[in-house]
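As provided, entry.txt (compact mmCIF, C-alpha atoms) reads as follows.
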```txt
# COMPACT_ATOMS: atom_id res chain seq x y z
CA MET V 1 7.80 18.84 23.05
CA GLN V 2 9.71 16.08 24.78
CA ARG V 3 10.71 13.48 22.22
CA GLN V 4 9.90 10.61 24.58
CA ASP V 5 6.23 11.69 24.67
CA MET V 6 5.90 11.25 20.93
CA GLU V 7 7.88 8.01 21.07
CA GLN V 8 5.37 6.61 23.54
CA VAL V 9 2.46 7.61 21.31
CA PHE V 10 4.16 5.98 18.32
CA GLN V 11 4.76 2.74 20.21
CA HIS V 12 1.10 2.72 21.17
CA ILE V 13 -0.08 2.97 17.55
CA ALA V 14 2.58 0.52 16.33
CA ALA V 15 1.32 -2.13 18.76
CA SER V 16 -2.38 -1.58 18.03
CA PRO V 17 -4.72 -3.33 15.54
CA TRP V 18 -4.22 -0.22 13.41
CA THR V 19 -0.83 -1.59 12.38
CA PRO V 20 -1.10 -4.96 10.59
CA PRO V 21 2.25 -6.50 9.60
CA TRP V 22 2.24 -5.07 6.06
CA LEU V 23 1.89 -1.54 7.44
CA THR V 24 4.63 -1.72 10.10
CA ALA V 25 7.47 -0.73 7.77
CA THR V 26 5.40 2.13 6.34
CA ARG V 27 4.77 3.63 9.76
CA GLN V 28 8.40 3.26 10.81
CA GLN V 29 9.64 4.81 7.58
CA ALA V 30 7.23 7.73 7.88
CA TYR V 31 8.10 8.36 11.52
CA ALA V 32 11.83 8.32 10.75
CA GLN V 33 11.27 10.74 7.89
CA PHE V 34 9.25 13.06 10.11
CA GLN V 35 12.02 13.07 12.71
CA ALA V 36 14.57 13.84 9.99
CA LEU V 37 12.52 16.70 8.54
CA GLY V 38 11.35 18.12 11.87
CA TRP V 39 8.49 20.53 12.34
CA PRO V 40 8.02 23.07 9.53
CA SER V 41 9.69 26.40 10.22
CA ARG V 42 9.66 29.88 8.77
CA ASP V 43 12.68 28.85 6.73
CA HIS V 44 10.24 26.92 4.55
CA GLU V 45 8.71 29.30 2.01
CA ASP V 46 5.24 27.79 2.42
CA TRP V 47 5.45 28.41 6.19
CA ARG V 48 7.03 31.83 6.01
CA TYR V 49 4.14 33.57 7.76
CA THR V 50 3.08 30.75 10.08
CA SER V 51 4.86 29.60 13.22
CA THR V 52 4.74 26.00 14.42
CA LYS V 53 6.16 26.91 17.81
CA ALA V 54 2.97 25.80 19.55
CA LEU V 55 3.33 22.37 17.93
CA ALA V 56 7.04 21.97 18.58
CA GLN V 57 6.60 22.77 22.27
CA ALA V 58 3.52 20.62 22.86
CA ASN V 59 3.49 17.52 25.02
CA PHE V 60 1.51 14.91 23.10
CA THR V 61 -0.59 12.10 24.48
CA TRP V 62 -2.64 9.23 23.09
CA PRO V 63 -6.22 10.56 23.00
CA SER V 64 -8.91 9.25 25.30
CA VAL V 65 -12.68 9.45 24.83
CA PRO V 66 -14.46 11.25 27.69
CA LEU V 67 -17.98 10.78 26.28
CA THR V 68 -20.02 12.81 28.75
CA SER V 69 -23.71 13.56 28.30
CA GLU V 70 -22.83 17.16 27.46
CA LEU V 71 -20.37 16.06 24.80
CA SER V 72 -22.88 13.57 23.42
CA ALA V 73 -25.38 16.40 22.97
CA ASP V 74 -22.74 18.48 21.15
CA VAL V 75 -21.99 15.55 18.86
CA GLN V 76 -25.61 14.97 17.90
CA ALA V 77 -26.14 18.70 17.35
CA SER V 78 -23.35 18.50 14.73
CA PHE V 79 -25.13 15.91 12.60
CA LEU V 80 -26.04 16.77 9.02
CA ALA V 81 -29.71 15.89 8.59
CA ASP V 82 -30.67 13.04 6.23
CA ALA V 83 -27.11 11.91 5.59
CA TYR V 84 -24.86 8.90 6.00
CA ARG V 85 -22.19 9.49 8.59
CA LEU V 86 -19.11 8.21 10.34
CA VAL V 87 -18.52 9.69 13.79
CA PHE V 88 -15.12 9.78 15.46
CA ILE V 89 -14.32 11.14 18.92
CA ASN V 90 -10.60 11.70 19.51
CA GLY V 91 -9.91 9.34 16.65
CA GLN V 92 -12.09 6.49 17.86
CA LEU V 93 -15.08 5.37 15.81
CA GLN V 94 -18.47 5.62 17.49
CA THR V 95 -20.42 2.83 15.79
CA HIS V 96 -23.66 3.58 17.65
CA LEU V 97 -23.68 7.12 16.22
CA SER V 98 -22.65 6.18 12.68
CA LEU V 99 -24.92 5.34 9.75
CA LEU V 100 -23.52 3.58 6.67
CA PRO V 101 -25.14 2.85 3.28
CA GLN V 102 -25.95 -0.75 2.41
CA SER V 103 -26.36 -0.44 -1.37
CA GLN V 104 -24.41 -2.52 -3.87
CA GLY V 105 -21.51 -0.82 -5.58
CA ILE V 106 -20.65 1.23 -2.48
CA THR V 107 -17.73 0.35 -0.23
CA LEU V 108 -17.71 2.56 2.86
CA GLN V 109 -16.00 1.38 5.99
CA PRO V 110 -13.85 2.72 8.79
CA LEU V 111 -10.29 2.59 7.54
CA GLU V 112 -9.31 0.31 10.41
CA LEU V 113 -11.50 -2.50 9.00
CA ASP V 114 -10.06 -2.06 5.51
CA LEU V 115 -6.37 -2.18 6.36
CA THR V 116 -6.41 -5.86 5.43
CA SER V 117 -9.37 -6.38 3.09
CA ALA V 118 -8.74 -3.31 0.95
CA ARG V 119 -4.96 -3.43 1.07
CA PRO V 120 -4.45 -3.32 -2.75
CA TRP V 121 -6.59 -0.20 -3.04
CA LEU V 122 -4.92 1.50 -0.11
CA GLU V 123 -1.45 0.78 -1.46
CA ALA V 124 -2.45 2.00 -4.92
CA GLU V 125 -3.59 5.30 -3.43
CA GLY V 126 -0.24 5.86 -1.74
CA LEU V 127 -0.80 4.71 1.82
CA SER V 128 2.42 2.72 1.69
CA GLY V 129 5.60 2.92 -0.33
CA ALA V 130 7.22 5.93 -1.96
CA LYS V 131 4.87 8.25 -3.85
CA GLY V 132 6.82 11.45 -4.32
CA ALA V 133 8.24 13.84 -1.77
CA ARG V 134 6.08 14.42 1.29
CA THR V 135 6.14 17.21 3.82
CA SER V 136 6.95 16.51 7.44
CA LEU V 137 3.30 16.81 8.51
CA GLU V 138 2.23 14.44 5.73
CA GLU V 139 4.76 11.98 7.10
CA LEU V 140 3.46 12.60 10.61
CA ASN V 141 -0.05 11.64 9.51
CA ARG V 142 1.19 8.55 7.63
CA ALA V 143 3.05 7.43 10.75
CA PHE V 144 0.31 8.11 13.29
CA PHE V 145 -3.05 7.92 11.48
CA ASN V 146 -5.52 6.39 13.90
CA SER V 147 -8.95 7.02 12.37
CA GLY V 148 -10.60 7.62 9.04
CA ALA V 149 -12.60 5.99 6.28
CA PHE V 150 -12.24 4.24 2.95
CA LEU V 151 -14.90 5.04 0.35
CA ARG V 152 -15.08 3.48 -3.09
CA LEU V 153 -17.94 3.93 -5.53
CA ASP V 154 -18.21 1.56 -8.48
CA ARG V 155 -18.68 2.86 -12.02
CA HIS V 156 -21.73 5.13 -12.46
CA ILE V 157 -22.83 4.69 -8.85
CA LYS V 158 -24.36 7.77 -7.25
CA LEU V 159 -24.43 8.10 -3.48
CA ASP V 160 -28.10 8.85 -2.77
CA LYS V 161 -27.40 10.92 0.36
CA PRO V 162 -24.55 13.16 1.47
CA LEU V 163 -21.83 11.49 3.52
CA GLN V 164 -20.68 13.25 6.68
CA MET V 165 -17.39 12.37 8.32
CA LEU V 166 -17.65 13.98 11.75
CA HIS V 167 -14.55 14.35 13.91
CA ILE V 168 -14.83 15.56 17.49
CA ALA V 169 -11.58 16.48 19.26
CA VAL V 170 -11.48 16.97 23.02
CA GLY V 171 -8.30 18.35 24.53
CA GLU V 172 -6.81 17.60 27.94
CA PRO V 173 -5.22 20.24 30.20
CA GLY V 174 -1.44 20.33 30.00
CA CYS V 175 -1.03 18.23 26.86
CA ALA V 176 -2.22 17.92 23.29
CA SER V 177 -4.17 14.88 22.13
CA LEU V 178 -2.51 13.74 18.89
CA ILE V 179 -5.34 12.91 16.48
CA CYS V 180 -4.50 11.90 12.90
CA PRO V 181 -7.54 11.09 10.75
CA ARG V 182 -7.00 9.85 7.20
CA HIS V 183 -9.66 9.45 4.51
CA ILE V 184 -9.19 7.69 1.18
CA LEU V 185 -11.88 8.12 -1.48
CA VAL V 186 -11.99 6.54 -4.93
CA LEU V 187 -14.80 7.39 -7.35
CA GLU V 188 -14.75 5.16 -10.39
CA ASP V 189 -15.84 6.29 -13.88
CA GLY V 190 -19.04 8.32 -13.77
CA ALA V 191 -19.59 7.96 -10.01
CA GLU V 192 -21.03 10.85 -7.98
CA ALA V 193 -21.02 11.83 -4.30
CA THR V 194 -21.51 14.70 -1.88
CA LEU V 195 -19.17 14.83 1.12
CA LEU V 196 -19.05 16.88 4.32
CA GLU V 197 -15.93 16.65 6.48
CA SER V 198 -16.70 18.19 9.86
CA TYR V 199 -14.05 18.99 12.45
CA ARG V 200 -15.07 20.34 15.85
CA SER V 201 -12.88 20.78 18.88
CA PHE V 202 -13.52 21.35 22.57
CA GLY V 203 -11.28 21.92 25.53
CA ALA V 204 -7.62 22.83 25.82
CA GLY V 205 -5.47 22.46 22.75
CA PRO V 206 -6.15 19.20 20.91
CA PHE V 207 -3.91 18.78 17.84
CA THR V 208 -5.55 17.30 14.76
CA ASN V 209 -3.33 16.51 11.79
CA SER V 210 -5.75 15.20 9.17
CA ALA V 211 -5.31 14.05 5.57
CA SER V 212 -7.66 13.24 2.71
CA GLN V 213 -6.78 11.49 -0.55
CA VAL V 214 -9.37 11.68 -3.33
CA HIS V 215 -9.14 10.07 -6.77
CA LEU V 216 -11.80 10.96 -9.35
CA LYS V 217 -11.76 8.66 -12.35
CA ALA V 218 -13.12 9.61 -15.80
CA GLY V 219 -16.37 11.55 -15.60
CA ALA V 220 -16.68 11.27 -11.80
CA ARG V 221 -18.24 14.14 -9.88
CA LEU V 222 -17.62 15.14 -6.25
CA HIS V 223 -19.04 18.01 -4.24
CA ALA V 224 -17.02 18.28 -1.01
CA VAL V 225 -17.21 20.69 1.92
CA THR V 226 -14.80 20.86 4.85
CA GLU V 227 -15.96 22.74 7.93
CA LYS V 228 -13.72 23.48 10.90
CA VAL V 229 -15.30 24.89 14.03
CA LEU V 230 -12.40 25.06 16.46
CA SER V 231 -11.93 26.01 20.08
CA ARG V 232 -9.70 28.97 20.89
CA ASP V 233 -6.64 26.83 21.75
CA ALA V 234 -7.11 24.13 19.10
CA LEU V 235 -4.29 23.24 16.68
CA HIS V 236 -5.43 21.88 13.34
CA VAL V 237 -3.59 21.07 10.12
CA HIS V 238 -5.42 19.49 7.17
CA GLN V 239 -3.94 18.20 3.91
CA SER V 240 -6.13 17.30 0.93
CA HIS V 241 -4.81 15.75 -2.27
CA PHE V 242 -7.16 15.46 -5.26
CA ILE V 243 -6.44 13.65 -8.52
CA LEU V 244 -8.78 14.42 -11.43
CA GLU V 245 -8.93 12.20 -14.49
CA ARG V 246 -10.57 12.96 -17.85
CA ASP V 247 -13.84 14.99 -17.75
CA SER V 248 -14.13 14.73 -13.96
CA LEU V 249 -15.64 17.55 -11.89
CA LEU V 250 -14.64 18.61 -8.39
CA LYS V 251 -16.22 21.35 -6.28
CA THR V 252 -14.87 22.01 -2.81
CA PHE V 253 -15.50 24.58 -0.09
CA VAL V 254 -13.54 25.12 3.12
CA LEU V 255 -15.04 26.96 6.10
CA THR V 256 -12.68 27.77 8.97
CA LEU V 257 -13.86 29.33 12.22
CA GLY V 258 -11.48 29.84 15.13
CA GLY V 259 -8.48 27.92 16.38
CA GLN V 260 -5.10 28.96 17.74
CA LEU V 261 -3.60 27.56 14.53
CA ALA V 262 -5.72 26.37 11.62
CA ARG V 263 -3.92 25.50 8.38
CA HIS V 264 -5.53 23.95 5.32
CA GLU V 265 -3.49 22.66 2.39
CA GLN V 266 -5.10 21.60 -0.89
CA THR V 267 -3.37 20.12 -3.91
CA MET V 268 -5.28 19.58 -7.16
CA GLU V 269 -3.76 17.45 -9.91
CA LEU V 270 -5.75 17.87 -13.13
CA ARG V 271 -4.37 14.90 -15.02
CA GLY V 272 -7.09 14.38 -17.63
CA SER V 273 -8.31 16.68 -20.37
CA GLY V 274 -11.71 18.22 -19.74
CA SER V 275 -11.37 18.02 -15.95
CA HIS V 276 -12.50 20.99 -13.86
CA ALA V 277 -11.83 21.96 -10.24
CA GLN V 278 -13.66 24.70 -8.38
CA PHE V 279 -12.43 25.23 -4.85
CA ASP V 280 -13.55 28.07 -2.64
CA GLY V 281 -13.21 29.02 0.98
CA LEU V 282 -14.25 31.34 3.78
CA TYR V 283 -12.30 31.93 6.98
CA ILE V 284 -13.24 34.07 9.97
CA GLY V 285 -10.78 34.74 12.77
CA ARG V 286 -11.31 36.34 16.17
CA GLN V 287 -9.06 37.11 19.13
CA ARG V 288 -5.58 35.72 18.31
CA ALA V 289 -6.60 33.06 15.81
CA HIS V 290 -4.09 32.25 13.07
CA ILE V 291 -5.58 30.85 9.84
CA ASP V 292 -3.42 29.68 6.95
CA MET V 293 -4.87 28.68 3.56
CA ASN V 294 -2.47 27.04 1.11
CA THR V 295 -3.59 25.90 -2.36
CA THR V 296 -1.69 24.31 -5.24
CA VAL V 297 -3.25 23.65 -8.66
CA LEU V 298 -1.33 21.52 -11.15
CA HIS V 299 -2.73 21.69 -14.68
CA GLN V 300 -1.08 18.69 -16.30
CA ALA V 301 -3.32 18.07 -19.34
CA PRO V 302 -4.81 20.25 -22.09
CA GLN V 303 -8.30 21.74 -21.89
CA THR V 304 -8.50 21.72 -18.12
CA SER V 305 -9.90 24.51 -15.97
CA SER V 306 -9.85 25.69 -12.36
CA SER V 307 -11.51 28.47 -10.42
CA GLN V 308 -10.98 29.52 -6.83
CA VAL V 309 -12.36 32.28 -4.61
CA TYR V 310 -11.23 32.61 -1.00
CA LYS V 311 -12.53 35.27 1.35
CA GLY V 312 -11.57 36.13 4.91
CA ILE V 313 -12.89 38.31 7.74
CA LEU V 314 -10.46 39.11 10.55
CA HIS V 315 -11.41 40.60 13.91
CA ASP V 316 -9.41 41.64 16.98
CA GLN V 317 -5.76 40.47 16.67
CA ALA V 318 -6.45 37.60 14.30
CA ARG V 319 -4.10 36.88 11.41
CA ALA V 320 -4.63 35.09 8.11
CA VAL V 321 -2.34 33.80 5.39
CA PHE V 322 -3.33 32.92 1.84
CA ASN V 323 -0.75 31.24 -0.39
CA GLY V 324 -2.15 30.16 -3.76
CA LYS V 325 -0.14 28.54 -6.55
CA ILE V 326 -1.22 27.75 -10.10
CA ASN V 327 1.18 25.70 -12.23
CA ILE V 328 0.38 25.09 -15.91
CA ALA V 329 2.64 22.43 -17.35
CA LYS V 330 4.17 22.42 -20.81
CA GLY V 331 1.64 20.93 -23.18
CA ALA V 332 -1.37 21.85 -21.03
CA GLN V 333 -2.76 24.06 -23.79
CA GLN V 334 -6.18 25.72 -23.72
CA THR V 335 -6.13 25.81 -19.95
CA LYS V 336 -8.25 28.29 -18.03
CA ALA V 337 -7.34 29.17 -14.44
CA GLU V 338 -8.79 31.83 -12.13
CA GLN V 339 -7.78 32.77 -8.61
CA LEU V 340 -9.09 35.46 -6.26
CA ASN V 341 -8.46 36.22 -2.60
CA LYS V 342 -10.31 39.00 -0.76
CA ASN V 343 -9.94 39.96 2.89
CA LEU V 344 -11.91 42.23 5.18
CA LEU V 345 -10.20 43.64 8.28
CA MET V 346 -12.60 44.51 11.11
CA SER V 347 -9.87 45.73 13.45
CA THR V 348 -6.74 47.86 13.18
CA ASP V 349 -4.80 45.02 14.83
CA ALA V 350 -5.93 42.30 12.38
CA GLU V 351 -3.46 41.27 9.67
CA VAL V 352 -3.43 39.37 6.38
CA ASP V 353 -0.57 38.13 4.21
CA THR V 354 -1.70 37.09 0.73
CA LYS V 355 0.47 35.64 -2.00
CA PRO V 356 -1.17 34.52 -5.26
CA GLN V 357 1.28 32.90 -7.70
CA LEU V 358 1.27 31.77 -11.34
CA GLN V 359 3.76 29.56 -13.18
CA ILE V 360 2.87 29.10 -16.86
CA ASP V 361 4.83 26.84 -19.20
CA ALA V 362 2.25 26.76 -22.01
CA ASP V 363 1.34 29.55 -24.42
CA ASP V 364 -2.38 29.00 -25.19
CA VAL V 365 -3.92 29.71 -21.78
CA ARG V 366 -6.28 32.13 -20.03
CA CYS V 367 -5.23 32.93 -16.47
CA SER V 368 -6.08 35.55 -13.87
CA HIS V 369 -5.26 36.09 -10.24
CA GLY V 370 -5.76 38.85 -7.72
CA ALA V 371 -5.88 39.74 -4.05
CA THR V 372 -7.35 42.55 -1.96
CA VAL V 373 -7.11 43.56 1.69
CA GLY V 374 -9.32 46.34 3.03
CA ARG V 375 -11.70 47.61 5.66
CA LEU V 376 -15.43 48.26 5.66
CA ASP V 377 -16.50 51.11 3.41
CA ARG V 378 -17.17 54.07 5.71
CA ASN V 379 -19.64 55.60 3.28
CA GLU V 380 -21.68 52.40 3.13
CA LEU V 381 -21.65 52.12 6.92
CA PHE V 382 -22.64 55.78 7.28
CA TYR V 383 -25.51 55.25 4.83
CA LEU V 384 -26.89 52.38 6.92
CA GLN V 385 -26.54 54.38 10.15
CA SER V 386 -28.33 57.33 8.55
CA ARG V 387 -31.26 54.98 7.95
CA GLY V 388 -31.52 54.15 11.65
CA ILE V 389 -29.37 51.00 11.67
CA ASP V 390 -26.93 50.80 14.58
CA ARG V 391 -23.22 50.37 13.88
CA ASP V 392 -22.94 46.72 14.98
CA THR V 393 -25.91 45.67 12.87
CA GLY V 394 -24.57 47.69 9.93
CA GLU V 395 -21.17 46.01 10.14
CA ARG V 396 -22.83 42.61 10.27
CA MET V 397 -24.95 43.41 7.22
CA LEU V 398 -21.92 44.49 5.23
CA ALA V 399 -20.02 41.37 6.30
CA GLN V 400 -22.97 39.25 5.15
CA ALA V 401 -22.88 40.93 1.75
CA PHE V 402 -19.11 40.33 1.59
CA VAL V 403 -19.47 36.55 1.99
CA ARG V 404 -22.69 36.05 0.06
CA ASP V 405 -21.16 35.60 -3.40
CA VAL V 406 -18.66 32.97 -2.28
CA LEU V 407 -21.40 31.00 -0.49
CA ASN V 408 -23.54 31.16 -3.63
CA ARG V 409 -20.78 29.38 -5.54
CA LEU V 410 -21.61 26.23 -3.58
CA GLN V 411 -24.72 25.65 -5.72
CA ASN V 412 -25.78 22.96 -3.28
CA PRO V 413 -28.80 23.99 -1.14
CA VAL V 414 -28.17 21.41 1.60
CA LEU V 415 -24.53 22.35 2.16
CA GLU V 416 -25.16 26.06 1.70
CA GLN V 417 -27.85 26.04 4.38
CA ARG V 418 -25.51 24.11 6.67
CA LEU V 419 -22.73 26.70 6.38
CA GLU V 420 -25.16 29.59 6.79
CA GLN V 421 -26.29 28.06 10.10
CA GLU V 422 -22.69 27.70 11.26
CA LEU V 423 -21.94 31.32 10.40
CA ALA V 424 -25.06 32.64 12.11
CA ALA V 425 -24.49 30.59 15.27
CA LEU V 426 -20.76 30.97 15.76
CA SER V 427 -19.43 34.02 13.95
CA GLY V 428 -22.30 36.49 13.98
CA VAL V 429 -22.23 36.74 10.17
```

Is it possible to give me this structure as structure tokens?
Amino acid sequence: MQRQDMEQVFQHIAASPWTPPWLTATRQQAYAQFQALGWPSRDHEDWRYTSTKALAQANFTWPSVPLTSELSADVQASFLADAYRLVFINGQLQTHLSLLPQSQGITLQPLELDLTSARPWLEAEGLSGAKGARTSLEELNRAFFNSGAFLRLDRHIKLDKPLQMLHIAVGEPGCASLICPRHILVLEDGAEATLLESYRSFGAGPFTNSASQVHLKAGARLHAVTEKVLSRDALHVHQSHFILERDSLLKTFVLTLGGQLARHEQTMELRGSGSHAQFDGLYIGRQRAHIDMNTTVLHQAPQTSSSQVYKGILHDQARAVFNGKINIAKGAQQTKAEQLNKNLLMSTDAEVDTKPQLQIDADDVRCSHGATVGRLDRNELFYLQSRGIDRDTGERMLAQAFVRDVLNRLQNPVLEQRLEQELAALSGV
């Protein structure tokens, strides 16, 4: 990467309506911090198995929007039926394709429109000012974010339809479009919502560095799914930060298909007693895809619980990384935490590095973690073949059985059907 290319992109965003005066210092501070930290390297423990060489060597450009008829058809085919939606193409909102709720108690707008009107909320949720140490890619997003949404539900408001935030990334030959979406969601006491974040990429090597900040107040409930369907050369890093207050409930699911580099980072802060987080995932890699799943669970209050199941299927020369951390703070008694990572290798050249971790500073807890890496059971495959089922079909049937239990954990028929369609269409599972 030539530094001047990124400088030009930064000057573009700094001079745009996306940077009102109160945000100028924030962007400059974040960009300076990113330059000081640099791209993550293998010297960082959390990036030990993942190279950012493709990012460091990329020539970045401000994204354009080549909305062809073919692309328009792809966009509409990505819609979740009977849902509210915000549609972005290379970071630019497509108002004619979006559908927003009009009910009282619901604030849902493109983030660009809220940078002035919702400034107090945005600042409170950490968009500006110091809010703890950030990684270099978090700083990169804070400096360059150029799309996204602000959602706030008043107390006891329930969103009557799922909300889809659809991001389409289209790369350009010879350079990487720098796309930095940012979503901020606040669910007040007792509010409920279902969310689908969809990321799809086309063309040569777009780079999406997205971030989501979610704050669940007392008794709030959120069911959130993130789906990434990426082109072979796409670069995608996503960072989600969830804060759970007393008796709140969070269920998340991450589906990752493809990409040259696809990394997903999730941090859960269980701040209130009685809060529960269930976060699951499924990743399928083919060819030379590199998929990195990184989770951190911080149990900071007593009587909290978390449960996570991540499964992966790797073909060809694909590689996956799972790095899961559970931290139970002193005083977080009667905590229950479960973590499981299972991987299925469909090729002798596929590879997985898995690293579940526990740090427990309380004595009245129930914790478990585990990881497995293996191949298809030859006896099971032989049994299917002996019943007249060809090898390819048999492998697909066993792969379907492997992912079924983690999909069932969704317990949301609409989202479960959506992911099943994605798997059938794009991965053969």

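The space between atom CA of Lys336 of chain V and atom CA of His299 of chain V spans 9.2 Å.
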
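Our summary of the geometry notes that atom CA of Thr24 of chain V is positioned 11.3 Å from atom CA of Phe10 of chain V.
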
Dump as JSON lines the rows for residues of segment 296-406 of chain V within 6 Å of segment 278-289 of chain V: closest atom pair and distance in Å with one decimal, only C-alpha atoms counted, ordered by chain and rising residue number.
```
{"residue": "V:Ser306", "atom": "CA", "partner": "V:Gln278", "partner_atom": "CA", "distance": 5.6}
{"residue": "V:Ser307", "atom": "CA", "partner": "V:Gln278", "partner_atom": "CA", "distance": 4.8}
{"residue": "V:Gln308", "atom": "CA", "partner": "V:Phe279", "partner_atom": "CA", "distance": 4.9}
{"residue": "V:Val309", "atom": "CA", "partner": "V:Asp280", "partner_atom": "CA", "distance": 4.8}
{"residue": "V:Tyr310", "atom": "CA", "partner": "V:Gly281", "partner_atom": "CA", "distance": 4.6}
{"residue": "V:Lys311", "atom": "CA", "partner": "V:Leu282", "partner_atom": "CA", "distance": 4.9}
{"residue": "V:Gly312", "atom": "CA", "partner": "V:Tyr283", "partner_atom": "CA", "distance": 4.7}
{"residue": "V:Ile313", "atom": "CA", "partner": "V:Ile284", "partner_atom": "CA", "distance": 4.8}
{"residue": "V:Leu314", "atom": "CA", "partner": "V:Gly285", "partner_atom": "CA", "distance": 4.9}
{"residue": "V:His315", "atom": "CA", "partner": "V:Arg286", "partner_atom": "CA", "distance": 4.8}
{"residue": "V:Asp316", "atom": "CA", "partner": "V:Gln287", "partner_atom": "CA", "distance": 5.0}
{"residue": "V:Gln317", "atom": "CA", "partner": "V:Arg288", "partner_atom": "CA", "distance": 5.0}
{"residue": "V:Ala318", "atom": "CA", "partner": "V:Arg288", "partner_atom": "CA", "distance": 4.5}
```

Worksheet item: Which one is closest to Leu344 of chain V: V:Gly374, V:Gly258, V:Pro181, V:Gly274? Count all atoms listed in the file.
Response: V:Gly374

Fill in: Top pick for closest residue to Ala401 of chain V, considering V:Leu255, V:Ala169, V:Ala56, V:Leu376 and counting only C-alpha atoms
V:Leu376

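The environment of Ala143 of chain V within 10 Å, counting only C-alpha atoms and disregarding residues fewer than 4 places along the same chain, consists of Phe10, Ile13, Ala14, Thr19, Leu23, Thr24, Ala25, Thr26, Arg27, Gln28, Gln29, Ala30, Tyr31, Ala32, Gln33, Phe34, Leu137, Glu138, Glu139 and Cys180 of chain V.
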
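Excluding segment 90-103 of chain V and any residue on its chain fewer than 6 positions from it, the residues at most 6 Å away by all atoms listed in the file are Pro63, Tyr84, Asn146, Ser147, Ala169 and Ile179 of chain V.
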
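Within the 8 Å cut-off around segment 242-248 of chain V, using all atoms listed in the file and omitting residues fewer than 6 positions from it on the same chain, the listed residues are Gln213, Val214, His215, Leu216, Lys217, Ala218, Gly219, Ala220, Arg221, Gln266, Thr267, Met268, Glu269, Leu270, Arg271, Gly272, Ser273, Gly274, Ser275 and His276 of chain V.
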
Worksheet entry | Gap from atom CA of Arg85 of chain V to atom CA of Glu188 of chain V - Å, one decimal | 20.8 Å

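Restricting the calculation to only C-alpha atoms, the smallest distance between Val75 of chain V and any of V:Leu384, V:Leu166, V:Val406, V:Val373 is found for V:Leu166.
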
Residues near Phe202 of chain V, anyone? I mean within 12 Å using only C-alpha atoms, not counting same-chain ones fewer than 3 positions away, as a compact mmCIF listing (two decimals) with C-alpha atoms, in the frame of the given file.
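The file below, around-v5.txt, is the result:
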```txt
# COMPACT_ATOMS: atom_id res chain seq x y z
CA PRO V 66 -14.46 11.25 27.69
CA GLU V 70 -22.83 17.16 27.46
CA LEU V 71 -20.37 16.06 24.80
CA ASP V 74 -22.74 18.48 21.15
CA VAL V 75 -21.99 15.55 18.86
CA ILE V 89 -14.32 11.14 18.92
CA ASN V 90 -10.60 11.70 19.51
CA HIS V 167 -14.55 14.35 13.91
CA ILE V 168 -14.83 15.56 17.49
CA ALA V 169 -11.58 16.48 19.26
CA VAL V 170 -11.48 16.97 23.02
CA GLY V 171 -8.30 18.35 24.53
CA GLU V 172 -6.81 17.60 27.94
CA PRO V 173 -5.22 20.24 30.20
CA ALA V 176 -2.22 17.92 23.29
CA SER V 177 -4.17 14.88 22.13
CA TYR V 199 -14.05 18.99 12.45
CA GLY V 205 -5.47 22.46 22.75
CA PRO V 206 -6.15 19.20 20.91
CA PHE V 207 -3.91 18.78 17.84
CA THR V 208 -5.55 17.30 14.76
CA LYS V 228 -13.72 23.48 10.90
CA VAL V 229 -15.30 24.89 14.03
CA LEU V 230 -12.40 25.06 16.46
CA SER V 231 -11.93 26.01 20.08
CA ARG V 232 -9.70 28.97 20.89
CA ASP V 233 -6.64 26.83 21.75
CA ALA V 234 -7.11 24.13 19.10
CA LEU V 235 -4.29 23.24 16.68
CA GLY V 258 -11.48 29.84 15.13
CA GLY V 259 -8.48 27.92 16.38
```

Practice prompt. Show which residues sit within 9 Å of Leu358 of chain V, as number ranges by chain. Count all atoms listed in the file, and ignore same-chain residues fewer than 6 positions away.
Written response: V: 324-328, 367-369
